[in-house]
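Undergrad: Contents of target.txt (compact mmCIF, C-alpha atoms) are below:
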```
# COMPACT_ATOMS: atom_id res chain seq x y z
CA MET A 1 -60.94 -2.06 11.39
CA PRO A 2 -59.92 -5.61 10.41
CA VAL A 3 -56.53 -6.87 11.54
CA PRO A 4 -54.17 -7.33 8.56
CA GLU A 5 -52.46 -10.66 8.09
CA LEU A 6 -49.11 -9.05 7.24
CA SER A 7 -47.55 -5.77 8.37
CA VAL A 8 -44.36 -4.54 6.70
CA VAL A 9 -42.25 -2.31 8.97
CA ILE A 10 -39.55 0.01 7.62
CA ILE A 11 -37.44 2.71 9.28
CA THR A 12 -36.23 5.60 7.14
CA ARG A 13 -34.24 8.79 6.92
CA ASP A 14 -33.63 10.54 3.59
CA GLU A 15 -34.46 7.46 1.52
CA ALA A 16 -36.39 9.12 -1.30
CA ALA A 17 -34.12 7.62 -3.97
CA ARG A 18 -34.75 4.02 -2.88
CA LEU A 19 -37.98 3.82 -0.89
CA GLU A 20 -40.46 3.54 -3.77
CA ARG A 21 -38.78 0.39 -5.08
CA CYS A 22 -38.97 -1.16 -1.61
CA LEU A 23 -42.63 -0.23 -1.06
CA ARG A 24 -43.82 -1.42 -4.48
CA SER A 25 -42.24 -4.83 -3.86
CA VAL A 26 -44.53 -5.37 -0.84
CA ALA A 27 -47.71 -3.85 -2.24
CA PHE A 28 -49.51 -7.14 -1.45
CA ALA A 29 -49.17 -6.55 2.32
CA GLY A 30 -52.22 -5.56 4.34
CA GLU A 31 -50.32 -2.79 6.10
CA ILE A 32 -47.06 -0.90 5.65
CA VAL A 33 -45.64 1.06 8.60
CA VAL A 34 -42.84 3.59 8.04
CA VAL A 35 -41.10 5.23 11.00
CA ASP A 36 -39.06 8.21 9.83
CA SER A 37 -36.43 10.01 11.88
CA GLY A 38 -36.56 13.47 10.34
CA SER A 39 -36.04 13.13 6.59
CA THR A 40 -35.32 16.35 4.73
CA ASP A 41 -36.14 14.92 1.28
CA ASP A 42 -39.38 13.45 -0.14
CA THR A 43 -39.23 10.20 1.86
CA VAL A 44 -42.37 10.88 3.90
CA ALA A 45 -44.35 12.11 0.88
CA ILE A 46 -43.41 9.02 -1.15
CA ALA A 47 -44.36 6.68 1.71
CA ARG A 48 -47.76 8.31 2.15
CA ARG A 49 -48.43 8.43 -1.59
CA LEU A 50 -47.87 4.67 -1.79
CA GLY A 51 -50.25 3.95 1.09
CA ALA A 52 -47.89 3.58 4.05
CA ARG A 53 -48.81 4.70 7.55
CA VAL A 54 -46.04 7.11 8.57
CA GLU A 55 -44.85 8.01 12.06
CA ILE A 56 -42.20 10.73 12.43
CA THR A 57 -39.89 10.68 15.44
CA PRO A 58 -37.81 13.68 16.57
CA ASP A 59 -34.77 11.66 17.64
CA TRP A 60 -32.55 8.76 16.58
CA PRO A 61 -32.12 6.14 19.35
CA GLY A 62 -30.26 3.63 17.17
CA PHE A 63 -31.41 0.92 14.77
CA GLY A 64 -32.67 -1.57 17.36
CA ALA A 65 -34.77 0.90 19.35
CA GLN A 66 -36.15 2.54 16.21
CA LYS A 67 -37.20 -0.81 14.77
CA ASN A 68 -38.95 -1.61 18.04
CA ARG A 69 -40.92 1.61 17.64
CA ALA A 70 -42.02 0.47 14.19
CA LEU A 71 -42.84 -3.00 15.48
CA ALA A 72 -45.02 -1.52 18.25
CA LEU A 73 -47.13 0.23 15.60
CA ALA A 74 -47.73 -2.91 13.54
CA ARG A 75 -51.16 -4.54 13.80
CA GLY A 76 -50.65 -7.58 11.60
CA ARG A 77 -50.49 -11.15 12.82
CA TRP A 78 -47.28 -11.43 10.83
CA VAL A 79 -44.49 -8.89 10.38
CA LEU A 80 -41.95 -8.48 7.59
CA SER A 81 -39.09 -6.17 8.57
CA LEU A 82 -37.28 -4.41 5.71
CA ASP A 83 -34.71 -1.68 5.27
CA ALA A 84 -35.37 1.00 2.68
CA ASP A 85 -32.46 -0.23 0.54
CA GLU A 86 -33.99 -3.72 0.31
CA TRP A 87 -36.77 -5.10 -1.87
CA LEU A 88 -38.38 -8.45 -2.66
CA ASP A 89 -38.07 -9.90 -6.14
CA GLU A 90 -41.26 -11.34 -7.63
CA ALA A 91 -40.46 -14.91 -6.61
CA LEU A 92 -39.83 -14.01 -2.97
CA ALA A 93 -42.94 -11.83 -2.82
CA ALA A 94 -45.01 -14.82 -3.96
CA GLU A 95 -43.37 -17.07 -1.36
CA VAL A 96 -43.99 -14.61 1.47
CA ALA A 97 -47.63 -14.21 0.45
CA ARG A 98 -48.04 -18.00 0.39
CA ILE A 99 -46.53 -18.43 3.86
CA VAL A 100 -48.66 -15.70 5.40
CA ALA A 101 -51.80 -17.22 3.91
CA ALA A 102 -51.30 -20.54 5.72
CA PRO A 103 -48.52 -20.13 8.32
CA PRO A 104 -47.34 -22.33 11.17
CA ALA A 105 -48.21 -20.30 14.26
CA ASP A 106 -44.79 -20.36 15.93
CA LEU A 107 -42.36 -20.36 13.01
CA ALA A 108 -40.22 -17.42 11.87
CA TRP A 109 -38.44 -17.38 8.54
CA ARG A 110 -34.95 -16.47 7.37
CA LEU A 111 -34.93 -14.90 3.91
CA PRO A 112 -32.03 -15.36 1.47
CA ARG A 113 -30.49 -11.93 0.90
CA LEU A 114 -28.37 -11.04 -2.13
CA SER A 115 -26.45 -7.77 -1.68
CA SER A 116 -24.59 -5.50 -4.07
CA PHE A 117 -21.35 -3.62 -3.44
CA CYS A 118 -20.38 -0.70 -5.70
CA GLY A 119 -22.76 -1.93 -8.40
CA GLN A 120 -21.87 -5.65 -8.35
CA TRP A 121 -23.89 -8.48 -6.83
CA MET A 122 -21.60 -10.25 -4.36
CA ARG A 123 -22.03 -14.03 -4.16
CA HIS A 124 -19.01 -14.86 -2.02
CA GLY A 125 -16.99 -13.42 0.85
CA GLY A 126 -19.70 -14.31 3.38
CA TRP A 127 -22.28 -12.12 1.68
CA TYR A 128 -24.33 -14.88 0.07
CA PRO A 129 -26.46 -16.63 0.93
CA ASP A 130 -26.93 -14.11 3.72
CA ARG A 131 -29.95 -15.53 5.57
CA VAL A 132 -31.68 -12.88 7.66
CA LEU A 133 -34.56 -13.47 10.08
CA ARG A 134 -37.17 -11.02 8.82
CA LEU A 135 -40.59 -12.72 8.57
CA PHE A 136 -42.07 -13.57 11.95
CA PRO A 137 -45.23 -13.66 14.11
CA ARG A 138 -45.71 -10.27 15.77
CA GLU A 139 -46.47 -11.65 19.23
CA GLY A 140 -43.36 -12.50 21.24
CA ALA A 141 -40.84 -10.82 18.93
CA ARG A 142 -38.68 -7.73 19.42
CA PHE A 143 -35.37 -6.32 18.26
CA SER A 144 -32.23 -6.04 20.33
CA ASP A 145 -31.32 -2.54 21.52
CA ASP A 146 -28.03 -2.42 19.59
CA ARG A 147 -27.24 0.89 17.92
CA VAL A 148 -26.16 -0.98 14.77
CA HIS A 149 -26.27 -4.63 13.70
CA GLU A 150 -29.48 -5.13 15.64
CA ARG A 151 -31.00 -8.62 15.60
CA LEU A 152 -34.44 -10.06 16.00
CA LEU A 153 -35.02 -11.65 19.40
CA TRP A 154 -37.31 -14.61 18.84
CA SER A 155 -37.56 -17.64 21.13
CA GLY A 156 -39.67 -19.82 18.84
CA ARG A 157 -38.69 -22.01 15.95
CA SER A 158 -37.18 -20.64 12.76
CA ALA A 159 -36.51 -22.00 9.29
CA ASP A 160 -34.85 -21.02 6.03
CA LEU A 161 -37.01 -19.99 3.10
CA ASP A 162 -35.34 -21.91 0.30
CA GLY A 163 -37.33 -21.11 -2.80
CA HIS A 164 -36.09 -19.29 -5.88
CA GLY A 165 -36.67 -15.78 -4.58
CA HIS A 166 -34.27 -13.26 -3.08
CA LEU A 167 -34.33 -10.32 -0.75
CA LEU A 168 -32.31 -7.88 -2.85
CA HIS A 169 -30.14 -5.34 -1.07
CA GLU A 170 -28.41 -2.32 -2.55
CA SER A 171 -25.97 -2.19 0.32
CA MET A 172 -23.38 0.38 -0.78
CA ALA A 173 -23.82 1.83 -4.24
CA THR A 174 -20.52 3.75 -4.34
CA LEU A 175 -17.21 3.72 -2.50
CA THR A 176 -18.04 7.09 -0.96
CA VAL A 177 -21.27 5.66 0.45
CA ALA A 178 -19.37 2.59 1.67
CA ASN A 179 -16.78 4.69 3.51
CA ASP A 180 -19.43 6.93 5.07
CA LYS A 181 -21.41 3.90 6.22
CA MET A 182 -18.26 2.27 7.60
CA ASN A 183 -17.48 5.36 9.67
CA ARG A 184 -21.00 5.62 11.11
CA TYR A 185 -21.43 1.92 11.76
CA SER A 186 -17.98 1.44 13.30
CA SER A 187 -18.77 4.24 15.77
CA GLY A 188 -22.11 2.71 16.73
CA ARG A 189 -20.71 -0.80 16.99
CA ALA A 190 -17.76 0.42 19.06
CA ALA A 191 -20.16 2.04 21.53
CA ASP A 192 -22.21 -1.17 21.77
CA LEU A 193 -19.13 -3.34 22.33
CA ALA A 194 -17.59 -0.94 24.86
CA ALA A 195 -20.85 -0.95 26.84
CA ARG A 196 -20.54 -4.75 27.06
CA GLY A 197 -17.00 -4.54 28.37
CA ARG A 198 -15.12 -5.26 25.14
CA ARG A 199 -11.62 -3.80 25.08
CA GLY A 200 -9.97 -1.97 22.19
CA GLY A 201 -6.39 -1.01 21.46
CA LEU A 202 -3.94 -0.78 18.58
CA GLY A 203 -2.94 -4.45 18.70
CA ARG A 204 -6.54 -5.62 18.85
CA ALA A 205 -7.46 -3.30 15.98
CA ILE A 206 -4.67 -4.66 13.76
CA GLY A 207 -5.45 -8.27 14.68
CA HIS A 208 -9.19 -7.99 14.07
CA GLY A 209 -8.61 -6.11 10.81
CA LEU A 210 -6.23 -8.76 9.46
CA TRP A 211 -8.59 -11.55 10.48
CA ALA A 212 -11.53 -9.82 8.76
CA PHE A 213 -9.54 -9.64 5.52
CA VAL A 214 -8.43 -13.29 5.66
CA ARG A 215 -11.96 -14.47 6.51
CA THR A 216 -13.56 -12.49 3.67
CA TRP A 217 -10.95 -12.90 0.92
CA ILE A 218 -9.69 -16.44 1.55
CA LEU A 219 -11.86 -18.51 3.91
CA ARG A 220 -15.15 -17.28 2.46
CA ARG A 221 -13.73 -17.18 -1.09
CA GLY A 222 -14.20 -13.51 -1.73
CA PHE A 223 -11.57 -13.81 -4.46
CA LEU A 224 -14.27 -15.41 -6.63
CA ASP A 225 -15.97 -12.01 -6.83
CA GLY A 226 -12.94 -10.62 -8.64
CA ARG A 227 -11.49 -7.17 -8.12
CA LEU A 228 -14.47 -5.89 -6.14
CA GLY A 229 -14.20 -8.97 -3.94
CA PHE A 230 -10.75 -7.72 -2.95
CA VAL A 231 -12.10 -4.19 -2.37
CA LEU A 232 -14.83 -5.61 -0.15
CA ALA A 233 -12.30 -7.64 1.85
CA VAL A 234 -10.24 -4.49 2.46
CA HIS A 235 -13.41 -2.60 3.37
CA ASN A 236 -14.34 -5.26 5.95
CA ALA A 237 -10.81 -5.16 7.36
CA GLU A 238 -10.92 -1.38 7.71
CA ALA A 239 -14.33 -1.52 9.41
CA SER A 240 -13.06 -3.98 12.00
CA TYR A 241 -9.79 -2.04 12.46
CA TYR A 242 -11.55 1.27 13.11
CA ARG A 243 -14.14 -0.37 15.36
CA TYR A 244 -11.47 -1.47 17.83
CA LEU A 245 -9.53 1.79 17.53
CA LYS A 246 -12.72 3.67 18.43
CA ILE A 247 -13.33 1.46 21.46
CA TRP A 248 -9.86 2.51 22.63
CA LEU A 249 -9.71 6.15 21.54
CA GLU A 250 -13.35 7.27 21.67
CA CYS A 251 -15.16 4.91 24.04
CA GLY A 252 -12.41 4.19 26.56
CA ASP A 253 -11.79 5.69 29.99
CA ALA A 254 -12.21 9.49 29.86
CA PRO A 255 -11.58 10.08 26.14
CA ARG A 256 -10.00 13.47 25.53
CA PRO A 257 -12.65 16.07 24.55
CA PRO A 258 -11.99 18.41 21.61
CA GLY A 259 -10.11 21.56 22.59
CA SER A 260 -8.48 20.04 25.68
CA LEU A 261 -5.04 19.44 24.17
CA ARG A 262 -2.34 21.31 26.08
CA PRO A 263 0.52 23.12 24.33
CA PRO A 264 3.70 21.02 24.05
CA ALA A 265 6.35 21.55 26.69
CA ARG A 266 9.29 23.71 25.61
```
Represent the structure from my file as structure tokens, please.
TA:
Amino acid sequence: MPVPELSVVIITRDEAARLERCLRSVAFAGEIVVVDSGSTDDTVAIARRLGARVEITPDWPGFGAQKNRALALARGRWVLSLDADEWLDEALAAEVARIVAAPPADLAWRLPRLSSFCGQWMRHGGWYPDRVLRLFPREGARFSDDRVHERLLWSGRSADLDGHGHLLHESMATLTVANDKMNRYSSGRAADLAARGRRGGLGRAIGHGLWAFVRTWILRRGFLDGRLGFVLAVHNAEASYYRYLKIWLECGDAPRPPGSLRPPAR
């Protein structure tokens, strides 16, 4: 079996509503690998129908470890790592295909990502241009073991892909989705930070939350995104606030297990 020039790797769980768009945007790739962690919808069926090689895992070790599983299955000389809520526009797809056809051997590429929040493309507040290292030679690359906010570990050179294309990202389609994602991600990030010795507490939570708002709304000009720019700044502040509360209350020394509360003294 010939070795493909490009492998696309994607991890999924219950992504039937968004996966087809992602897969069709990389139909030019020689191989698509999907690692699924127990979807209960049509995610696996959609992936297989569109030609992806699917591996199903019984557990969820976190984003970094799961992406390393997908990377270990890739056979291509080059790898493009995507999330199921991301897709390449036509211009970026053409640029990626051009790079893979005649690539520098030791150069990885950061793709310009444009993300939406509650139905609006966000071009300020630190969200754009959000350059993410996603296209890289397979040999010598791996992902960090972080539960959330994993990053590609690559010791070679990297460069920005500065054409006209975008990696489009439907980050949080509704406020309900945004709040659910904030809760899950703040828990995972709190566990990662606590394992590295980071301290939480009420004061730290308030301070980090206020700083996240100021950074998003003022310093990174989130106000230029209008009313939803303000909502996003508050969302970022809440995420940081709860992250440091969870380090204190859920990841600290001997957190109180459910059901252990004693009756109040008379």
Undergrad: Once you count only C-alpha atoms, what closest atom pair and distance in Å to one decimal does each residue of segment 189-243 of chain A within 6 Å of segment 107-127 of chain A have, with rows by chain and rising residue number, as a tab-separated table?
TA:
```
residue	atom	partner	partner_atom	distance
A:Thr216	CA	A:Gly125	CA	4.5
A:Arg220	CA	A:Gly125	CA	4.6
A:Arg221	CA	A:Gly125	CA	5.3
A:Gly222	CA	A:Gly125	CA	3.8
```
Undergrad: Which residue is closest to Arg75 of chain A? Choose from A:Glu150, A:Glu90, A:Gly30, A:Ala101 and count all atoms listed in the file.
TA: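 For Arg75 of chain A, the nearest of the candidates is A:Gly30.
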Undergrad: Show me, as JSON lines, the residues of segment 38-123 of chain A having an atom within 12 Å of segment 183-197 of chain A, each with the closest atom pair and its distance in Å, using all atoms listed in the file.
TA:
```
{"residue": "A:Pro61", "atom": "CA", "partner": "A:Gly188", "partner_atom": "CA", "distance": 10.9}
{"residue": "A:Gly62", "atom": "CA", "partner": "A:Gly188", "partner_atom": "CA", "distance": 8.2}
{"residue": "A:Phe63", "atom": "CA", "partner": "A:Gly188", "partner_atom": "CA", "distance": 9.7}
{"residue": "A:Gly64", "atom": "CA", "partner": "A:Asp192", "partner_atom": "CA", "distance": 11.4}
```
Undergrad: Restricting the calculation to all atoms listed in the file, which member of A:Ile10, A:Leu133, A:Leu161, A:Ile206 is positioned closest to Asn68 of chain A?
TA: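 Using all atoms listed in the file, the shortest distance to Asn68 of chain A belongs to A:Ile10.
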Undergrad: Taking a cut-off of 9 Å and counting all atoms listed in the file, can you build a table that, for each residue of segment 182-209 of chain A near segment 234-238 of chain A, reports the nearest atom pair and how far apart they are in Å (one decimal), sorted by chain then residue number, as CSV?
TA:
```
residue,atom,partner,partner_atom,distance
A:Met182,CA,A:His235,CA,8.1
A:Ile206,CA,A:Ala237,CA,8.9
A:His208,CA,A:Ala237,CA,7.5
A:Gly209,CA,A:Ala237,CA,4.2
```
Undergrad: Between A:Leu168, A:Leu153, A:Val79, A:Val35, which is the closest to Cys22 of chain A once you count all atoms listed in the file?
TA: A:Leu168
Undergrad: Ser155 of chain A: which residues within 12 Å, counting only C-alpha atoms, same-chain residues fewer than 4 positions away excluded, as a list in words?
TA: Asp106, Leu107, Ala108, Phe136, Pro137, Glu139, Gly140, Ala141, Arg142 and Phe143 of chain A
Undergrad: Would you compute the distance between atom CA of Leu245 of chain A and atom CA of Gly200 of chain A? Give it in Å to one decimal.
TA: 6.0 Å
Undergrad: When distances are computed from all atoms listed in the file, which of A:Leu73, A:Ala84, A:Ala29, A:Trp211 shows the smallest separation from Ala16 of chain A?
TA: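 With all atoms listed in the file as the atom set, the closest residue is A:Ala84.
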Undergrad: I'd like the interatomic distance between atom CA of Thr40 of chain A and atom CA of Glu20 of chain A, to a tenth of an Å.
TA: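 Between these atoms lies a distance of 16.2 Å.
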Undergrad: A:Arg49, A:Gly76, A:Ile56, A:Leu92: which is nearest Val26 of chain A, counting all atoms listed in the file?
TA: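 Of A:Arg49, A:Gly76, A:Ile56, A:Leu92, the one nearest Val26 of chain A, counting all atoms listed in the file, is A:Leu92.
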Undergrad: Could you work out how far atom CA of Arg134 of chain A lies from atom CA of Leu152 of chain A, giving the answer in Å with one decimal?
TA: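 About the pair atom CA of Leu152 of chain A and atom CA of Arg134 of chain A: they are 7.7 Å apart.
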Undergrad: Under the rule that all atoms listed in the file are counted, which of A:Ala212, A:Leu19, A:Val148, A:Ala239 is the nearest residue to Trp60 of chain A?
TA: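 Looking at the shortest contact to Trp60 of chain A, the residue is A:Val148.
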Undergrad: Kindly list the centre and edge lengths in Å, rounded to one decimal, for the axis-aligned box that covers all listed atoms of segment 133-141 of chain A plus 6 Å on each of its six sides, as JSON.
TA:
```
{"center_x": -40.5, "center_y": -12.0, "center_z": 14.9, "size_x": 23.9, "size_y": 15.4, "size_z": 24.7}
```
